[in-house]
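Below is work-v4.cif, holding mmCIF, C-alpha atoms; chains and numbers go by the auth columns.
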data_work
loop_
_atom_site.group_PDB
_atom_site.id
_atom_site.type_symbol
_atom_site.label_atom_id
_atom_site.label_comp_id
_atom_site.label_asym_id
_atom_site.label_seq_id
_atom_site.Cartn_x
_atom_site.Cartn_y
_atom_site.Cartn_z
_atom_site.B_iso_or_equiv
_atom_site.auth_seq_id
_atom_site.auth_asym_id
ATOM 1 C CA GLN A 1 24.258 19.766 -13.190 0.00 1 A
ATOM 2 C CA VAL A 2 21.207 18.186 -14.788 0.00 2 A
ATOM 3 C CA VAL A 3 20.820 14.510 -15.583 0.00 3 A
ATOM 4 C CA GLY A 4 19.104 14.326 -18.952 0.00 4 A
ATOM 5 C CA PRO A 5 19.479 15.045 -22.669 0.00 5 A
ATOM 6 C CA THR A 6 20.352 18.709 -21.968 0.00 6 A
ATOM 7 C CA ALA A 7 23.104 17.873 -19.481 0.00 7 A
ATOM 8 C CA THR A 8 26.471 19.471 -20.205 0.00 8 A
ATOM 9 C CA SER A 9 28.725 18.602 -17.250 0.00 9 A
ATOM 10 C CA PRO A 10 30.874 15.431 -17.432 0.00 10 A
ATOM 11 C CA THR A 11 29.233 13.959 -14.319 0.00 11 A
ATOM 12 C CA ALA A 12 25.715 14.620 -15.594 0.00 12 A
ATOM 13 C CA LYS A 13 26.566 12.983 -18.907 0.00 13 A
ATOM 14 C CA ASP A 14 28.019 9.967 -17.096 0.00 14 A
ATOM 15 C CA ALA A 15 24.868 9.714 -14.988 0.00 15 A
ATOM 16 C CA PHE A 16 22.549 9.897 -17.972 0.00 16 A
ATOM 17 C CA ARG A 17 24.568 7.260 -19.815 0.00 17 A
ATOM 18 C CA GLN A 18 24.657 4.975 -16.753 0.00 18 A
ATOM 19 C CA PHE A 19 20.932 5.248 -16.036 0.00 19 A
ATOM 20 C CA ASP A 20 19.916 4.962 -19.676 0.00 20 A
ATOM 21 C CA GLY A 21 21.962 1.752 -20.051 0.00 21 A
ATOM 22 C CA ARG A 22 20.501 -0.029 -17.019 0.00 22 A
ATOM 23 C CA CYS A 23 19.692 -3.722 -17.203 0.00 23 A
ATOM 24 C CA PRO A 24 15.964 -4.666 -17.254 0.00 24 A
ATOM 25 C CA GLU A 25 16.041 -5.598 -13.544 0.00 25 A
ATOM 26 C CA ASP A 26 17.234 -2.093 -12.663 0.00 26 A
ATOM 27 C CA LYS A 27 14.348 -0.508 -14.579 0.00 27 A
ATOM 28 C CA ALA A 28 11.852 -2.113 -12.179 0.00 28 A
ATOM 29 C CA CYS A 29 11.416 -1.129 -8.536 0.00 29 A
ATOM 30 C CA ALA A 30 13.560 -3.190 -6.168 0.00 30 A
ATOM 31 C CA ASP A 31 10.841 -3.057 -3.504 0.00 31 A
ATOM 32 C CA CYS A 32 7.556 -3.638 -5.334 0.00 32 A
ATOM 33 C CA GLY A 33 8.662 -4.766 -8.800 0.00 33 A
ATOM 34 C CA SER A 34 6.646 -2.129 -10.662 0.00 34 A
ATOM 35 C CA ASP A 35 7.969 -0.495 -13.828 0.00 35 A
ATOM 36 C CA GLY A 36 9.166 3.079 -13.932 0.00 36 A
ATOM 37 C CA ALA A 37 11.994 3.013 -11.392 0.00 37 A
ATOM 38 C CA ASP A 38 12.952 6.651 -11.793 0.00 38 A
ATOM 39 C CA TRP A 39 14.328 7.073 -8.263 0.00 39 A
ATOM 40 C CA ALA A 40 17.233 5.497 -6.418 0.00 40 A
ATOM 41 C CA SER A 41 18.529 4.738 -2.959 0.00 41 A
ATOM 42 C CA VAL A 42 22.242 5.485 -3.131 0.00 42 A
ATOM 43 C CA SER A 43 22.714 3.784 0.244 0.00 43 A
ATOM 44 C CA PHE A 44 21.700 0.411 -1.207 0.00 44 A
ATOM 45 C CA GLY A 45 22.516 1.029 -4.860 0.00 45 A
ATOM 46 C CA ILE A 46 18.948 0.156 -5.843 0.00 46 A
ATOM 47 C CA TYR A 47 16.324 1.676 -8.144 0.00 47 A
ATOM 48 C CA LEU A 48 12.843 2.525 -6.898 0.00 48 A
ATOM 49 C CA CYS A 49 9.455 3.695 -8.125 0.00 49 A
ATOM 50 C CA GLN A 50 8.191 7.026 -6.850 0.00 50 A
ATOM 51 C CA ARG A 51 5.831 5.481 -4.297 0.00 51 A
ATOM 52 C CA CYS A 52 8.528 3.331 -2.692 0.00 52 A
ATOM 53 C CA ALA A 53 11.007 6.210 -2.897 0.00 53 A
ATOM 54 C CA GLN A 54 8.664 8.256 -0.725 0.00 54 A
ATOM 55 C CA GLU A 55 8.755 5.459 1.855 0.00 55 A
ATOM 56 C CA HIS A 56 12.558 5.581 1.802 0.00 56 A
ATOM 57 C CA LEU A 57 12.521 9.360 2.200 0.00 57 A
ATOM 58 C CA ARG A 58 10.583 8.912 5.436 0.00 58 A
ATOM 59 C CA LEU A 59 13.411 6.718 6.751 0.00 59 A
ATOM 60 C CA GLY A 60 15.789 9.681 6.590 0.00 60 A
ATOM 61 C CA ALA A 61 19.032 10.198 4.678 0.00 61 A
ATOM 62 C CA ARG A 62 21.075 8.430 7.361 0.00 62 A
ATOM 63 C CA ALA A 63 19.200 5.174 6.603 0.00 63 A
ATOM 64 C CA SER A 64 18.489 5.543 2.889 0.00 64 A
ATOM 65 C CA LEU A 65 19.901 8.363 0.769 0.00 65 A
ATOM 66 C CA VAL A 66 17.268 8.887 -1.926 0.00 66 A
ATOM 67 C CA ARG A 67 17.785 10.656 -5.243 0.00 67 A
ATOM 68 C CA GLU A 68 15.635 11.168 -8.314 0.00 68 A
ATOM 69 C CA LEU A 69 17.443 9.965 -11.440 0.00 69 A
ATOM 70 C CA ARG A 70 16.720 13.195 -13.274 0.00 70 A
ATOM 71 C CA ASP A 71 17.320 15.347 -10.216 0.00 71 A
ATOM 72 C CA GLY A 72 18.119 18.867 -11.321 0.00 72 A
ATOM 73 C CA TRP A 73 20.672 19.217 -8.501 0.00 73 A
ATOM 74 C CA GLY A 74 22.942 16.787 -10.336 0.00 74 A
ATOM 75 C CA TRP A 75 24.661 13.542 -9.453 0.00 75 A
ATOM 76 C CA HIS A 76 28.205 13.181 -8.138 0.00 76 A
ATOM 77 C CA ARG A 77 30.721 10.557 -9.184 0.00 77 A
ATOM 78 C CA GLN A 78 30.804 9.043 -5.703 0.00 78 A
ATOM 79 C CA GLU A 79 27.034 8.443 -5.818 0.00 79 A
ATOM 80 C CA LEU A 80 27.254 6.964 -9.308 0.00 80 A
ATOM 81 C CA GLN A 81 29.859 4.509 -8.032 0.00 81 A
ATOM 82 C CA TYR A 82 27.425 3.208 -5.409 0.00 82 A
ATOM 83 C CA MET A 83 24.812 2.668 -8.119 0.00 83 A
ATOM 84 C CA ALA A 84 27.320 0.984 -10.427 0.00 84 A
ATOM 85 C CA ARG A 85 28.671 -1.373 -7.746 0.00 85 A
ATOM 86 C CA GLY A 86 25.179 -2.063 -6.432 0.00 86 A
ATOM 87 C CA GLY A 87 22.098 -2.622 -8.572 0.00 87 A
ATOM 88 C CA ASN A 88 18.802 -4.398 -7.987 0.00 88 A
ATOM 89 C CA PRO A 89 20.025 -7.918 -8.896 0.00 89 A
ATOM 90 C CA ALA A 90 22.870 -7.821 -6.354 0.00 90 A
ATOM 91 C CA PHE A 91 20.638 -6.473 -3.597 0.00 91 A
ATOM 92 C CA LEU A 92 17.783 -8.899 -4.245 0.00 92 A
ATOM 93 C CA ALA A 93 20.159 -11.867 -4.411 0.00 93 A
ATOM 94 C CA GLN A 94 21.298 -11.083 -0.872 0.00 94 A
ATOM 95 C CA LEU A 95 17.787 -10.294 0.359 0.00 95 A
ATOM 96 C CA GLU A 96 16.438 -13.635 -0.871 0.00 96 A
ATOM 97 C CA ARG A 97 18.762 -15.394 1.556 0.00 97 A
ATOM 98 C CA PHE A 98 16.656 -14.007 4.415 0.00 98 A
ATOM 99 C CA PRO A 99 12.937 -14.715 3.748 0.00 99 A
ATOM 100 C CA GLU A 100 11.854 -13.193 7.053 0.00 100 A
ATOM 101 C CA VAL A 101 13.428 -9.859 6.142 0.00 101 A
ATOM 102 C CA MET A 102 12.156 -10.069 2.572 0.00 102 A
ATOM 103 C CA ALA A 103 8.557 -10.340 3.825 0.00 103 A
ATOM 104 C CA MET A 104 8.801 -7.190 5.956 0.00 104 A
ATOM 105 C CA ALA A 105 7.274 -3.837 5.091 0.00 105 A
ATOM 106 C CA ILE A 106 9.703 -1.189 3.818 0.00 106 A
ATOM 107 C CA LYS A 107 9.969 0.688 7.121 0.00 107 A
ATOM 108 C CA ALA A 108 10.860 -2.448 9.068 0.00 108 A
ATOM 109 C CA LYS A 109 13.003 -4.062 6.363 0.00 109 A
ATOM 110 C CA TYR A 110 15.422 -1.177 6.047 0.00 110 A
ATOM 111 C CA ALA A 111 15.843 -0.868 9.801 0.00 111 A
ATOM 112 C CA THR A 112 17.208 -4.413 10.197 0.00 112 A
ATOM 113 C CA ARG A 113 20.743 -5.662 10.680 0.00 113 A
ATOM 114 C CA PHE A 114 20.517 -7.074 7.160 0.00 114 A
ATOM 115 C CA ALA A 115 19.970 -3.574 5.777 0.00 115 A
ATOM 116 C CA GLU A 116 22.837 -2.107 7.784 0.00 116 A
ATOM 117 C CA HIS A 117 25.118 -4.992 6.805 0.00 117 A
ATOM 118 C CA TYR A 118 24.322 -4.501 3.122 0.00 118 A
ATOM 119 C CA ARG A 119 25.057 -0.778 3.370 0.00 119 A
ATOM 120 C CA ARG A 120 28.392 -1.601 5.011 0.00 120 A
ATOM 121 C CA HIS A 121 29.156 -4.163 2.311 0.00 121 A
ATOM 122 C CA LEU A 122 28.405 -1.779 -0.566 0.00 122 A
ATOM 123 C CA ASP A 123 30.315 1.048 1.091 0.00 123 A
ATOM 124 C CA ALA A 124 33.362 -1.208 1.502 0.00 124 A
ATOM 125 C CA LEU A 125 33.225 -2.144 -2.188 0.00 125 A
ATOM 126 C CA CYS A 126 33.111 1.516 -3.191 0.00 126 A
ATOM 127 C CA CYS A 127 35.735 2.748 -0.738 0.00 127 A
ATOM 128 C CA GLY A 128 38.161 -0.156 -1.060 0.00 128 A
ATOM 129 C CA THR A 129 37.993 -1.044 2.635 0.00 129 A
ATOM 130 C CA PRO A 130 37.719 -4.592 4.087 0.00 130 A
ATOM 131 C CA LEU A 131 34.313 -6.221 3.678 0.00 131 A
ATOM 132 C CA PRO A 132 32.261 -6.739 6.856 0.00 132 A
ATOM 133 C CA PRO A 133 32.045 -10.259 8.319 0.00 133 A
ATOM 134 C CA SER A 134 29.215 -12.469 7.087 0.00 134 A
ATOM 135 C CA LEU A 135 25.850 -11.829 8.716 0.00 135 A
ATOM 136 C CA PRO A 136 24.436 -14.798 10.713 0.00 136 A
ATOM 137 C CA ALA A 137 20.999 -15.785 9.431 0.00 137 A
ATOM 138 C CA GLU A 138 19.465 -15.584 12.893 0.00 138 A
ATOM 139 C CA ALA A 139 20.568 -11.949 13.237 0.00 139 A
ATOM 140 C CA ALA A 140 19.319 -10.633 9.894 0.00 140 A
ATOM 141 C CA ALA A 141 15.858 -9.581 11.076 0.00 141 A
ATOM 142 C CA GLN A 142 17.054 -7.974 14.303 0.00 142 A
ATOM 143 C CA PRO A 143 16.961 -4.167 14.609 0.00 143 A
ATOM 144 C CA ALA A 144 20.072 -2.420 13.327 0.00 144 A
ATOM 145 C CA ALA A 145 22.502 -0.774 15.733 0.00 145 A
ATOM 146 C CA ASP A 146 21.910 2.487 13.854 0.00 146 A
ATOM 147 C CA GLU A 147 25.520 3.619 14.242 0.00 147 A
ATOM 148 C CA PHE A 148 26.827 3.486 10.681 0.00 148 A
ATOM 149 C CA LEU A 149 27.010 6.048 7.886 0.00 149 A
ATOM 150 C CA SER A 150 28.361 5.265 4.452 0.00 150 A
ATOM 151 C CA GLY A 151 30.677 7.679 2.702 0.00 151 A
ATOM 152 C CA ALA A 152 27.894 8.932 0.414 0.00 152 A
ATOM 153 C CA GLU A 153 25.476 9.381 3.327 0.00 153 A
ATOM 154 C CA ALA A 154 28.039 11.293 5.384 0.00 154 A
ATOM 155 C CA VAL A 155 28.849 13.654 2.505 0.00 155 A
ATOM 156 C CA ALA A 156 25.143 14.305 1.853 0.00 156 A
ATOM 157 C CA LEU A 157 24.478 15.080 5.518 0.00 157 A
ATOM 158 C CA MET A 158 27.476 17.398 5.738 0.00 158 A
ATOM 159 C CA LYS A 159 26.270 19.264 2.662 0.00 159 A
ATOM 160 C CA GLY A 160 22.842 19.582 4.232 0.00 160 A
ATOM 161 C CA LEU A 161 24.333 21.033 7.401 0.00 161 A
ATOM 162 C CA ALA A 162 26.402 23.462 5.331 0.00 162 A
ATOM 163 C CA GLN A 163 23.275 24.622 3.501 0.00 163 A
ATOM 164 C CA GLU A 164 21.449 25.137 6.800 0.00 164 A
ATOM 165 C CA PHE A 165 24.407 27.145 8.144 0.00 165 A
ATOM 166 C CA GLU A 166 24.526 29.326 5.024 0.00 166 A
ATOM 167 C CA ALA A 167 20.784 29.958 5.287 0.00 167 A
ATOM 168 C CA ALA A 168 21.147 30.932 8.960 0.00 168 A
ATOM 169 C CA VAL A 169 24.020 33.329 8.179 0.00 169 A
ATOM 170 C CA GLU A 170 22.044 34.876 5.343 0.00 170 A
ATOM 171 C CA GLN A 171 19.062 35.384 7.630 0.00 171 A
ATOM 172 C CA LEU A 172 21.229 37.066 10.273 0.00 172 A
ATOM 173 C CA ALA A 173 22.620 39.377 7.598 0.00 173 A
ATOM 174 C CA VAL A 174 19.165 40.695 6.665 0.00 174 A
ATOM 175 C CA PRO A 175 18.987 44.462 7.490 0.00 175 A
ATOM 176 C CA SER A 176 16.648 45.371 10.333 0.00 176 A
ATOM 177 C CA GLY A 177 14.333 47.167 7.922 0.00 177 A
ATOM 178 C CA ARG A 178 13.813 43.896 6.042 0.00 178 A
ATOM 179 C CA ALA A 179 13.471 41.642 9.086 0.00 179 A
ATOM 180 C CA GLU A 180 9.886 40.902 8.156 0.00 180 A
ATOM 181 C CA GLU A 181 11.139 39.224 4.974 0.00 181 A
ATOM 182 C CA ALA A 182 13.317 36.707 6.853 0.00 182 A
ATOM 183 C CA PRO A 183 10.550 34.188 7.622 0.00 183 A
ATOM 184 C CA ARG A 184 9.601 34.057 3.960 0.00 184 A
ATOM 185 C CA ARG A 185 13.217 33.516 2.892 0.00 185 A
ATOM 186 C CA ALA A 186 13.719 30.848 5.524 0.00 186 A
ATOM 187 C CA SER A 187 10.694 28.923 4.289 0.00 187 A
ATOM 188 C CA THR A 188 12.349 27.853 1.047 0.00 188 A
ATOM 189 C CA PRO A 189 11.382 24.226 0.285 0.00 189 A
ATOM 190 C CA PRO A 190 14.085 21.664 1.138 0.00 190 A
ATOM 191 C CA ARG A 191 16.312 20.227 -1.541 0.00 191 A
ATOM 192 C CA LYS A 192 14.676 17.424 -3.456 0.00 192 A
ATOM 193 C CA GLY A 193 15.648 14.023 -2.099 0.00 193 A
ATOM 194 C CA SER A 194 16.210 15.205 1.468 0.00 194 A
ATOM 195 C CA ALA A 195 14.095 14.040 4.370 0.00 195 A
ATOM 196 C CA PRO A 196 11.608 16.750 5.501 0.00 196 A
ATOM 197 C CA GLY A 197 12.143 17.977 9.030 0.00 197 A
ATOM 198 C CA SER A 198 15.484 16.232 9.415 0.00 198 A
ATOM 199 C CA GLN A 199 17.664 17.488 12.264 0.00 199 A
ATOM 200 C CA PRO A 200 21.434 17.205 12.809 0.00 200 A
ATOM 201 C CA GLN A 201 22.317 14.142 14.850 0.00 201 A
ATOM 202 C CA LYS A 202 25.409 12.604 16.397 0.00 202 A
ATOM 203 C CA PHE A 203 26.771 9.358 14.984 0.00 203 A
ATOM 204 C CA ALA A 204 29.056 6.857 16.595 0.00 204 A
ATOM 205 C CA LYS A 205 30.713 5.824 13.353 0.00 205 A
ATOM 206 C CA VAL A 206 31.100 7.671 10.070 0.00 206 A
ATOM 207 C CA ALA A 207 32.760 6.183 6.998 0.00 207 A
ATOM 208 C CA VAL A 208 33.982 8.705 4.442 0.00 208 A
ATOM 209 C CA CYS A 209 35.801 7.517 1.352 0.00 209 A
#
Turn this file's structure into structure tokens for me.
Amino acid sequence: QVVGPTATSPTAKDAFRQFDGRCPEDKACADCGSDGADWASVSFGIYLCQRCAQEHLRLGARASLVRELRDGWGWHRQELQYMARGGNPAFLAQLERFPEVMAMAIKAKYATRFAEHYRRHLDALCCGTPLPPSLPAEAAAQPAADEFLSGAEAVALMKGLAQEFEAAVEQLAVPSGRAEEAPRRASTPPRKGSAPGSQPQKFAKVAVC
């Protein structure tokens, strides 16, 4: 699945049409305001420039699931729903209610209770579950509990674990005469949009649509 003019799958075509028809606000980076927002955080339903997307990648997929709009791995309908129900205007309208959070650097901003609450809110909209209670203003800038995964985040992490398992099985299946080739095969670069060096972790709560 490829998002772009050569895309042939129904999902890829839907993605290209959705991204190409974005409003002007969604074509600018939600974090820095620069033009050329060719990346996205599915977790927040926002569009990002490449520089800010790299900052989100460092947060890890459990905090901000980052995708390139023209990612050759393809987009899934669930992820497109998060982008359709989200968008930069909706996110920024909520962020502006909390000036202290708005003034934070990316790393700190997306580790706050505001960020976690917004992820919960967007996930509820996409999954049809009850919306979370309103966030008290005095709690917005506090560190997040770090115990929530949205449906899209959970699916992405499970796919990552499955890929790691398949790679491990493939390595074990290498004949003894080709054992020296295993390190080279295991050094395949990670899938684009995944956080480098990420390790499986346990989560207290997982929401899967």
Exercise. Compare A:Asp35, A:Glu79, A:Glu138, A:Glu147 by their minimum atom-to-atom distance to A:Gln18, counting only C-alpha atoms, and give me the closest one.
Key: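 Answer, going by the shortest atom-to-atom distance: A:Glu79.
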Exercise. Apply the PyMOL selection byres ((chain A and resi 38-47) around 8) to the file shown and report the selected residues as JSON, numbers by chain.
Key: {"A": [26, 27, 28, 29, 30, 36, 37, 48, 49, 50, 53, 56, 63, 64, 65, 66, 67, 68, 69, 70, 79, 82, 83, 84, 85, 86, 87, 88, 91, 118, 119, 122, 150, 152, 153]}
Exercise. For each of A:Ala173, A:Ala141, A:Cys127, A:Ala61, take the minimum atom-to-atom distance to A:Ala105, counting all atoms listed in the file, then give the residue where this is smallest.
Key: A:Ala141
Quiz item: atom CA of A:Val155 and atom CA of A:Trp75, how far apart in Å?
Solution: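 For atom CA of A:Trp75 relative to atom CA of A:Val155, the distance reads 12.7 Å.
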Quiz item: What does the distance between atom CA of A:Ala124 and atom CA of A:Leu57 come to in Å, to one decimal place?
Solution: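 Between atom CA of A:Ala124 and atom CA of A:Leu57 the gap is 23.4 Å.
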Self-check item: Proximity to A:Ala139 - best of A:Ala93, A:Leu125, A:Ala168, A:Ala115, only C-alpha atoms
Solution: A:Ala115
Practice problem: Find the residues around A:Met104 up to 12 Å (only C-alpha atoms counted), leave out those fewer than 2 positions away in its own chain, and share them as a PyMOL selection string. | Solution: chain A and resi 31-32+95+98-102+106-112+114-115+140-142
With 3 Å on each side, where is the centre of the axis-aligned box around all listed atoms of stretch 14-32 of chain A, and how long are its edges in Å to one decimal, as JSON?
{"center_x": 17.8, "center_y": 2.2, "center_z": -11.8, "size_x": 26.5, "size_y": 21.6, "size_z": 22.5}
Quiz item: Counting all atoms listed in the file, which of A:Asp146, A:Arg77, A:His117, A:Ser34 gets nearest to A:Pro132?
Solution: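 Of A:Asp146, A:Arg77, A:His117, A:Ser34, the one nearest A:Pro132, counting all atoms listed in the file, is A:His117.
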Quiz item: Could you state the separation of atom CA of A:Arg113 and atom CA of A:Ala145 in Å, given to one decimal place?
Solution: 7.2 Å
Practice problem: Could you tell me which of A:Gly33, A:Gly60, A:Pro89, A:Pro24 comes closest to A:Ala156 if we count only C-alpha atoms? | Solution: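 Nearest candidate to A:Ala156 out of A:Gly33, A:Gly60, A:Pro89, A:Pro24: A:Gly60.
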